[in-house]
Amino acid sequence: MGADPRELIAARIKASRTMAVTSHLRPDGDSLCTALAISLMGGLMGKDVAIINHDPTPLPFAGFPELAGIHIGPIRAADFDTIILLECADVSRSGHEGLDGVYKINIDHHYSNTPYADINWIDPEAPAVGEMVFDLSRFLGIRLTPEIAESLYCAIVSDTGSFQFSNTTPRALAAATELARLGASPIRVTEKLYNNNRPEKIQLLGRVLSSLTMNGKGTIAVISMFKHDAESLGLKEVDTEDMTTLARSIKGVEMVMFFKEMAPECFRVSLRSKGGANAARVAEHFGGGGHVHASGFTVYGPYDRLIREVPATVESLLDGTPREPSGPAR
């Protein structure tokens, strides 16, 4: 049996002086809040840690004062002796280039990860990388401050959909309980994540939900958002997870497809499923990937054609794809 990756990572962090932590493209709450926790833990150990992402921090996280120090741009590999990549299936998923010669640590809870780093810690059973890093803290030998505990708690809450998705396992709940005991405030995290919307966001939500269409069986719900909808309301960035959550709440729906216009004739399709429907396998058919119940891919072409053809293909894939064991949505 090989060495425990947690021990290897802890040893490397202890030996490092300067570290960069980065996330995947279009970072989410799990990767952002976990990166913050790693930075704070490194600070307790006397390390110089920078959080550097390729893509901007999305809402609502862009409004978190504690995340204001994240740098957006390229990583200068020569400035760091260790780079930690969170939730990146490969280096390209981070959006960064020129990292070939630097020591890399790969921490991920997606099964599709390809071990590419000097140390690879891939645990598909983990509910979030925030939970993994909470576990890592024991190997680092540090006691978590309330600020670190709250960052990791926020990561877990964000990735479990406030404990509604299928990754809400006993492991997730046990970590959340311990983090709350260490000083994380569940009420404060909930307020920041879910009760912080602008009126324009709710107006956009109405427009998106008004686009709702269903397939004949009532198993697939399709919603769409165009750039002009957000721009006309003065929204450059918007958190859209609650839009898919509402569509997924429809009785009988197994899969939600959310078409988001990224550029003319370019749409990012977010998939959210429940029950036995495997969103990851559907996404992989289109060159994407992700979790069993939360995945995505990109398609190109006229919207009128895509909105007919892509859902029809997804329906045929669902009809012919082996199902995962039924359970709550992820």
# chains A, B, ... in the order shown; residues from 1 in each chain; ligands from 1
call {"tool": "residues_around", "arguments": {"residues": "Tyr111 in chain A", "least_positions_apart": "6", "cutoff": "8 Å", "atoms": "only C-alpha atoms", "output": "number ranges by chain"}}
result
A: 122-124, 291
call {"tool": "write_last_selection", "arguments": {"atoms": "N, CA and C atoms", "output": "PDB file, in the first residue's frame"}}
result
ATOM      1  N   ILE A 122      -7.143  12.091  -4.483  1.00  0.00           N
ATOM      2  CA  ILE A 122      -8.432  12.059  -5.179  1.00  0.00           C
ATOM      3  C   ILE A 122      -9.361  11.147  -4.390  1.00  0.00           C
ATOM      4  N   ASP A 123     -10.434  11.691  -3.883  1.00  0.00           N
ATOM      5  CA  ASP A 123     -11.369  10.930  -3.047  1.00  0.00           C
ATOM      6  C   ASP A 123     -12.799  11.192  -3.513  1.00  0.00           C
ATOM      7  N   PRO A 124     -13.300  10.377  -4.454  1.00  0.00           N
ATOM      8  CA  PRO A 124     -14.655  10.588  -4.958  1.00  0.00           C
ATOM      9  C   PRO A 124     -15.744  10.403  -3.901  1.00  0.00           C
ATOM     10  N   HIS A 291     -19.933  15.861 -11.715  1.00  0.00           N
ATOM     11  CA  HIS A 291     -20.479  14.922 -10.749  1.00  0.00           C
ATOM     12  C   HIS A 291     -21.637  14.125 -11.364  1.00  0.00           C
TER      13      HIS A 291
END
call {"tool": "residues_around", "arguments": {"residues": "Ser92 in chain A", "least_positions_apart": "3", "cutoff": "12 Å", "atoms": "only C-alpha atoms", "output": "list in words"}}
result
Thr22, Ser23, His24, Leu25, His54, Leu85, Glu87, Cys88, Ala89, Gly95, His96, Glu97, Gly98, Leu99, Asp100, Asn113, Thr114 and Tyr116 of chain A
call {"tool": "write_last_selection", "arguments": {"atoms": "C-alpha atoms", "output": "PDB file, in the first residue's frame"}}
result
ATOM      1  CA  THR A  22      -5.722  27.764  -7.444  1.00  0.00           C
ATOM      2  CA  SER A  23      -9.172  26.559  -8.452  1.00  0.00           C
ATOM      3  CA  HIS A  24     -10.837  25.305 -11.577  1.00  0.00           C
ATOM      4  CA  LEU A  25     -12.230  27.644 -14.211  1.00  0.00           C
ATOM      5  CA  HIS A  54      -7.705  32.331 -13.753  1.00  0.00           C
ATOM      6  CA  LEU A  85      -4.766  22.725  -7.464  1.00  0.00           C
ATOM      7  CA  GLU A  87     -10.914  20.332  -8.131  1.00  0.00           C
ATOM      8  CA  CYS A  88      -8.891  20.352 -11.341  1.00  0.00           C
ATOM      9  CA  ALA A  89      -9.181  17.166 -13.391  1.00  0.00           C
ATOM     10  CA  GLY A  95      -6.708  27.770 -16.951  1.00  0.00           C
ATOM     11  CA  HIS A  96      -3.059  28.288 -16.009  1.00  0.00           C
ATOM     12  CA  GLU A  97      -0.093  27.551 -18.240  1.00  0.00           C
ATOM     13  CA  GLY A  98       3.629  27.106 -17.653  1.00  0.00           C
ATOM     14  CA  LEU A  99       3.307  24.955 -14.533  1.00  0.00           C
ATOM     15  CA  ASP A 100       5.313  21.988 -15.820  1.00  0.00           C
ATOM     16  CA  ASN A 113      -9.547  13.278 -12.214  1.00  0.00           C
ATOM     17  CA  THR A 114      -6.404  12.106 -13.998  1.00  0.00           C
ATOM     18  CA  TYR A 116      -1.048  14.491 -12.966  1.00  0.00           C
TER      19      TYR A 116
END
call {"tool": "closest_residue", "arguments": {"among": "A:Pro264, A:Gly296, A:Gly206, A:Gly289", "to": "Leu246 in chain A", "atoms": "only C-alpha atoms"}}
result
A:Gly206
call {"tool": "select_by_dssp", "arguments": {"residues": "range 19-155 of chain A", "states": "alpha helix (DSSP H)", "output": "PyMOL selection string"}}
result
chain A and resi 29-44+129-140+146-155
call {"tool": "write_last_selection", "arguments": {"atoms": "C-alpha atoms", "output": "mmCIF file, in the first residue's frame"}}
result
data_model
loop_
_atom_site.group_PDB
_atom_site.id
_atom_site.type_symbol
_atom_site.label_atom_id
_atom_site.label_comp_id
_atom_site.auth_asym_id
_atom_site.auth_seq_id
_atom_site.Cartn_x
_atom_site.Cartn_y
_atom_site.Cartn_z
ATOM 1 C CA GLY A 29 -17.883 27.988 -3.269
ATOM 2 C CA ASP A 30 -16.160 24.739 -2.402
ATOM 3 C CA SER A 31 -12.905 25.593 -4.157
ATOM 4 C CA LEU A 32 -12.941 29.284 -3.173
ATOM 5 C CA CYS A 33 -13.614 28.796 0.521
ATOM 6 C CA THR A 34 -11.254 25.822 0.718
ATOM 7 C CA ALA A 35 -8.488 27.885 -0.887
ATOM 8 C CA LEU A 36 -9.071 30.571 1.729
ATOM 9 C CA ALA A 37 -8.843 27.979 4.499
ATOM 10 C CA ILE A 38 -5.548 26.636 3.106
ATOM 11 C CA SER A 39 -4.189 30.173 2.928
ATOM 12 C CA LEU A 40 -5.164 30.852 6.528
ATOM 13 C CA MET A 41 -3.722 27.540 7.712
ATOM 14 C CA GLY A 42 -0.508 28.299 5.871
ATOM 15 C CA GLY A 43 -0.367 31.646 7.588
ATOM 16 C CA LEU A 44 -0.569 29.945 10.986
ATOM 17 C CA VAL A 129 -12.708 19.379 -1.002
ATOM 18 C CA GLY A 130 -13.502 21.511 2.033
ATOM 19 C CA GLU A 131 -14.159 18.322 3.987
ATOM 20 C CA MET A 132 -10.912 16.820 2.664
ATOM 21 C CA VAL A 133 -8.873 19.828 3.783
ATOM 22 C CA PHE A 134 -10.582 19.725 7.182
ATOM 23 C CA ASP A 135 -9.276 16.162 7.431
ATOM 24 C CA LEU A 136 -5.849 17.355 6.246
ATOM 25 C CA SER A 137 -5.644 19.844 9.110
ATOM 26 C CA ARG A 138 -5.145 16.950 11.548
ATOM 27 C CA PHE A 139 -2.026 15.912 9.661
ATOM 28 C CA LEU A 140 -0.737 19.477 9.685
ATOM 29 C CA PRO A 146 -13.106 30.056 13.999
ATOM 30 C CA GLU A 147 -12.306 31.869 10.732
ATOM 31 C CA ILE A 148 -10.778 28.756 9.154
ATOM 32 C CA ALA A 149 -13.578 26.581 10.496
ATOM 33 C CA GLU A 150 -16.186 28.883 8.966
ATOM 34 C CA SER A 151 -14.438 28.873 5.578
ATOM 35 C CA LEU A 152 -14.450 25.068 5.488
ATOM 36 C CA TYR A 153 -18.041 24.939 6.735
ATOM 37 C CA CYS A 154 -19.031 27.355 3.942
ATOM 38 C CA ALA A 155 -17.274 25.125 1.400
#
call {"tool": "residues_around", "arguments": {"residues": "Phe165 in chain A", "least_positions_apart": "4", "cutoff": "12 Å", "atoms": "only C-alpha atoms", "output": "JSON list (two decimals) with N, CA and C atoms, in the first residue's frame"}}
result
[["chain", "number", "residue", "atom", "x", "y", "z"],
["A", 127, "PRO", "N", -17.47, 14.51, 0.32],
["A", 127, "PRO", "CA", -18.57, 15.39, -0.07],
["A", 127, "PRO", "C", -18.11, 16.70, -0.68],
["A", 128, "ALA", "N", -16.88, 17.12, -0.38],
["A", 128, "ALA", "CA", -16.35, 18.40, -0.86],
["A", 128, "ALA", "C", -14.86, 18.43, -0.57],
["A", 156, "ILE", "N", -18.40, 23.27, 2.48],
["A", 156, "ILE", "CA", -19.25, 22.08, 2.52],
["A", 156, "ILE", "C", -20.70, 22.44, 2.28],
["A", 157, "VAL", "N", -21.19, 23.49, 2.91],
["A", 157, "VAL", "CA", -22.58, 23.91, 2.71],
["A", 157, "VAL", "C", -22.83, 24.25, 1.24],
["A", 158, "SER", "N", -21.89, 24.96, 0.63],
["A", 158, "SER", "CA", -22.04, 25.36, -0.76],
["A", 158, "SER", "C", -22.12, 24.16, -1.68],
["A", 159, "ASP", "N", -21.24, 23.17, -1.48],
["A", 159, "ASP", "CA", -21.18, 22.04, -2.41],
["A", 159, "ASP", "C", -22.27, 21.02, -2.16],
["A", 160, "THR", "N", -22.86, 21.00, -0.96],
["A", 160, "THR", "CA", -23.97, 20.09, -0.70],
["A", 160, "THR", "C", -25.32, 20.75, -0.93],
["A", 161, "GLY", "N", -25.31, 21.98, -1.43],
["A", 161, "GLY", "CA", -26.58, 22.69, -1.64],
["A", 161, "GLY", "C", -27.33, 22.88, -0.34],
["A", 169, "THR", "N", -23.68, 13.31, 3.11],
["A", 169, "THR", "CA", -23.41, 12.03, 3.73],
["A", 169, "THR", "C", -23.15, 12.20, 5.22],
["A", 172, "ALA", "N", -20.16, 14.29, 5.63],
["A", 172, "ALA", "CA", -20.36, 15.73, 5.48],
["A", 172, "ALA", "C", -20.96, 16.32, 6.75],
["A", 245, "THR", "N", -32.09, 24.77, -9.17],
["A", 245, "THR", "CA", -32.71, 24.10, -8.03],
["A", 245, "THR", "C", -34.22, 24.18, -8.10],
["A", 248, "ARG", "N", -35.48, 21.90, -10.83],
["A", 248, "ARG", "CA", -35.31, 20.50, -10.44],
["A", 248, "ARG", "C", -36.36, 20.08, -9.41],
["A", 272, "ARG", "N", -28.33, 19.38, -13.95],
["A", 272, "ARG", "CA", -28.59, 19.01, -12.57],
["A", 272, "ARG", "C", -29.63, 17.90, -12.60],
["A", 273, "SER", "N", -29.33, 16.79, -11.95],
["A", 273, "SER", "CA", -30.23, 15.65, -12.00],
["A", 273, "SER", "C", -30.58, 15.19, -10.60],
["A", 274, "LYS", "N", -31.52, 14.28, -10.53],
["A", 274, "LYS", "CA", -31.89, 13.69, -9.25],
["A", 274, "LYS", "C", -32.29, 12.23, -9.50],
["A", 275, "GLY", "N", -32.45, 11.51, -8.40],
["A", 275, "GLY", "CA", -32.77, 10.11, -8.55],
["A", 275, "GLY", "C", -31.63, 9.35, -9.20],
["A", 291, "HIS", "N", -19.93, 15.86, -11.72],
["A", 291, "HIS", "CA", -20.48, 14.92, -10.75],
["A", 291, "HIS", "C", -21.64, 14.13, -11.36],
["A", 292, "VAL", "N", -22.04, 13.08, -10.66],
["A", 292, "VAL", "CA", -23.17, 12.27, -11.11],
["A", 292, "VAL", "C", -24.44, 13.11, -11.22],
["A", 293, "HIS", "N", -24.63, 14.05, -10.30],
["A", 293, "HIS", "CA", -25.86, 14.85, -10.30],
["A", 293, "HIS", "C", -25.61, 16.34, -10.57],
["A", 294, "ALA", "N", -24.41, 16.70, -10.95],
["A", 294, "ALA", "CA", -24.12, 18.10, -11.28],
["A", 294, "ALA", "C", -22.96, 18.13, -12.26],
["A", 327, "GLY", "N", -31.47, 8.28, -5.17],
["A", 327, "GLY", "CA", -31.16, 8.99, -3.94],
["A", 327, "GLY", "C", -31.45, 10.46, -4.15],
["A", 328, "PRO", "N", -31.24, 11.29, -3.13],
["A", 328, "PRO", "CA", -31.51, 12.72, -3.26],
["A", 328, "PRO", "C", -30.60, 13.36, -4.28],
["A", 329, "ALA", "N", -31.01, 14.50, -4.79],
["A", 329, "ALA", "CA", -30.27, 15.16, -5.87],
["A", 329, "ALA", "C", -28.94, 15.66, -5.39],
["A", 330, "ARG", "N", -27.97, 15.65, -6.29],
["A", 330, "ARG", "CA", -26.63, 16.22, -6.04],
["A", 330, "ARG", "C", -26.48, 17.46, -6.90]]
call {"tool": "closest_residue", "arguments": {"among": "A:Ala263, A:His285, A:Asp242, A:Ile9", "to": "His228 in chain A", "atoms": "only C-alpha atoms"}}
result
A:Ala263
call {"tool": "atom_distance", "arguments": {"atom1": "CA of Thr168 in chain A", "atom2": "CA of Val189 in chain A"}}
result
16.9 Å
call {"tool": "residues_around", "arguments": {"residues": "Leu212 in chain A", "least_positions_apart": "3", "cutoff": "9 Å", "atoms": "only C-alpha atoms", "output": "list in words"}}
result
Val208, Leu209, Ala221, Val222, Ile223, Ser224 and Ala247 of chain A
call {"tool": "atom_distance", "arguments": {"atom1": "CA of Ala280 in chain A", "atom2": "CA of Ser295 in chain A"}}
result
5.4 Å
call {"tool": "closest_residue", "arguments": {"among": "A:Asn197, A:Thr82, A:Thr190, A:Ser112", "to": "Gly63 in chain A", "atoms": "only C-alpha atoms"}}
result
A:Asn197
call {"tool": "closest_residue", "arguments": {"among": "A:Val238, A:Leu173, A:Leu179, A:Ala15", "to": "Leu204 in chain A", "atoms": "only C-alpha atoms"}}
result
A:Val238
call {"tool": "atom_distance", "arguments": {"atom1": "CA of Tyr194 in chain A", "atom2": "CA of Arg207 in chain A"}}
result
19.5 Å
call {"tool": "residues_around", "arguments": {"residues": "Glu200 in chain A", "least_positions_apart": "6", "cutoff": "10 Å", "atoms": "only C-alpha atoms", "output": "ChimeraX atom specification"}}
result
/A:206,230,232-235,238
call {"tool": "write_last_selection", "arguments": {"atoms": "N, CA and C atoms", "output": "PDB file, in the first residue's frame"}}
result
ATOM      1  N   GLY A 206     -37.055  35.463 -12.685  1.00  0.00           N
ATOM      2  CA  GLY A 206     -38.363  35.379 -13.330  1.00  0.00           C
ATOM      3  C   GLY A 206     -38.253  35.172 -14.828  1.00  0.00           C
ATOM      4  N   ALA A 230     -29.283  39.417 -18.623  1.00  0.00           N
ATOM      5  CA  ALA A 230     -28.507  39.865 -17.466  1.00  0.00           C
ATOM      6  C   ALA A 230     -28.011  41.294 -17.649  1.00  0.00           C
ATOM      7  N   SER A 232     -29.238  43.726 -19.423  1.00  0.00           N
ATOM      8  CA  SER A 232     -30.295  44.737 -19.358  1.00  0.00           C
ATOM      9  C   SER A 232     -30.676  45.079 -17.932  1.00  0.00           C
ATOM     10  N   LEU A 233     -30.351  44.172 -16.994  1.00  0.00           N
ATOM     11  CA  LEU A 233     -30.623  44.417 -15.585  1.00  0.00           C
ATOM     12  C   LEU A 233     -29.379  44.887 -14.835  1.00  0.00           C
ATOM     13  N   GLY A 234     -28.307  45.145 -15.581  1.00  0.00           N
ATOM     14  CA  GLY A 234     -27.081  45.617 -14.974  1.00  0.00           C
ATOM     15  C   GLY A 234     -26.320  44.544 -14.230  1.00  0.00           C
ATOM     16  N   LEU A 235     -26.525  43.289 -14.609  1.00  0.00           N
ATOM     17  CA  LEU A 235     -25.857  42.171 -13.950  1.00  0.00           C
ATOM     18  C   LEU A 235     -24.769  41.625 -14.857  1.00  0.00           C
ATOM     19  N   VAL A 238     -23.727  36.615 -12.171  1.00  0.00           N
ATOM     20  CA  VAL A 238     -24.891  36.235 -11.380  1.00  0.00           C
ATOM     21  C   VAL A 238     -24.774  34.774 -10.986  1.00  0.00           C
TER      22      VAL A 238
END
call {"tool": "residues_around", "arguments": {"residues": "Ile119 in chain A", "least_positions_apart": "5", "cutoff": "12 Å", "atoms": "only C-alpha atoms", "output": "VMD selection string"}}
result
chain A and resid 2 to 13 82 to 85 103 to 108 114
call {"tool": "closest_residue", "arguments": {"among": "A:Gly183, A:Gly252, A:Pro115, A:Gly288", "to": "Ser270 in chain A", "atoms": "only C-alpha atoms"}}
result
A:Gly288
call {"tool": "decode", "arguments": {"residues": "range 182-201 of chain A", "atoms": "N, CA and C atoms", "output": "compact mmCIF listing (two decimals), in the first residue's frame"}}
result
# COMPACT_ATOMS: atom_id res chain seq x y z
N LEU A 182 -16.06 24.27 16.38
CA LEU A 182 -14.81 25.02 16.38
C LEU A 182 -15.01 26.51 16.11
N GLY A 183 -16.26 26.91 15.88
CA GLY A 183 -16.51 28.35 15.76
C GLY A 183 -17.21 28.81 14.51
N ALA A 184 -17.46 27.90 13.55
CA ALA A 184 -18.20 28.30 12.35
C ALA A 184 -19.64 28.65 12.73
N SER A 185 -20.17 29.68 12.11
CA SER A 185 -21.54 30.12 12.39
C SER A 185 -22.46 29.70 11.25
N PRO A 186 -23.29 28.67 11.43
CA PRO A 186 -24.21 28.27 10.35
C PRO A 186 -25.15 29.39 9.92
N ILE A 187 -25.60 30.19 10.87
CA ILE A 187 -26.52 31.29 10.52
C ILE A 187 -25.82 32.31 9.64
N ARG A 188 -24.60 32.69 10.00
CA ARG A 188 -23.87 33.68 9.21
C ARG A 188 -23.58 33.16 7.80
N VAL A 189 -23.20 31.90 7.69
CA VAL A 189 -22.92 31.32 6.37
C VAL A 189 -24.19 31.30 5.53
N THR A 190 -25.31 30.91 6.11
CA THR A 190 -26.57 30.88 5.36
C THR A 190 -26.96 32.27 4.87
N GLU A 191 -26.79 33.26 5.73
CA GLU A 191 -27.11 34.63 5.32
C GLU A 191 -26.26 35.07 4.13
N LYS A 192 -24.99 34.77 4.19
CA LYS A 192 -24.08 35.20 3.11
C LYS A 192 -24.34 34.45 1.81
N LEU A 193 -24.65 33.17 1.91
CA LEU A 193 -24.81 32.35 0.70
C LEU A 193 -26.19 32.52 0.05
N TYR A 194 -27.23 32.63 0.87
CA TYR A 194 -28.58 32.49 0.32
C TYR A 194 -29.50 33.69 0.53
N ASN A 195 -29.15 34.61 1.40
CA ASN A 195 -30.04 35.73 1.68
C ASN A 195 -29.36 37.06 1.35
N ASN A 196 -28.75 37.09 0.18
CA ASN A 196 -27.94 38.24 -0.17
C ASN A 196 -28.19 38.68 -1.61
N ASN A 197 -29.40 38.43 -2.13
CA ASN A 197 -29.69 38.71 -3.53
C ASN A 197 -30.07 40.17 -3.76
N ARG A 198 -29.69 40.68 -4.92
CA ARG A 198 -30.14 41.99 -5.37
C ARG A 198 -31.53 41.84 -6.01
N PRO A 199 -32.34 42.89 -6.01
CA PRO A 199 -33.65 42.80 -6.66
C PRO A 199 -33.54 42.39 -8.13
N GLU A 200 -32.49 42.87 -8.80
CA GLU A 200 -32.31 42.54 -10.22
C GLU A 200 -32.11 41.03 -10.42
N LYS A 201 -31.49 40.38 -9.44
CA LYS A 201 -31.30 38.92 -9.54
C LYS A 201 -32.66 38.22 -9.54
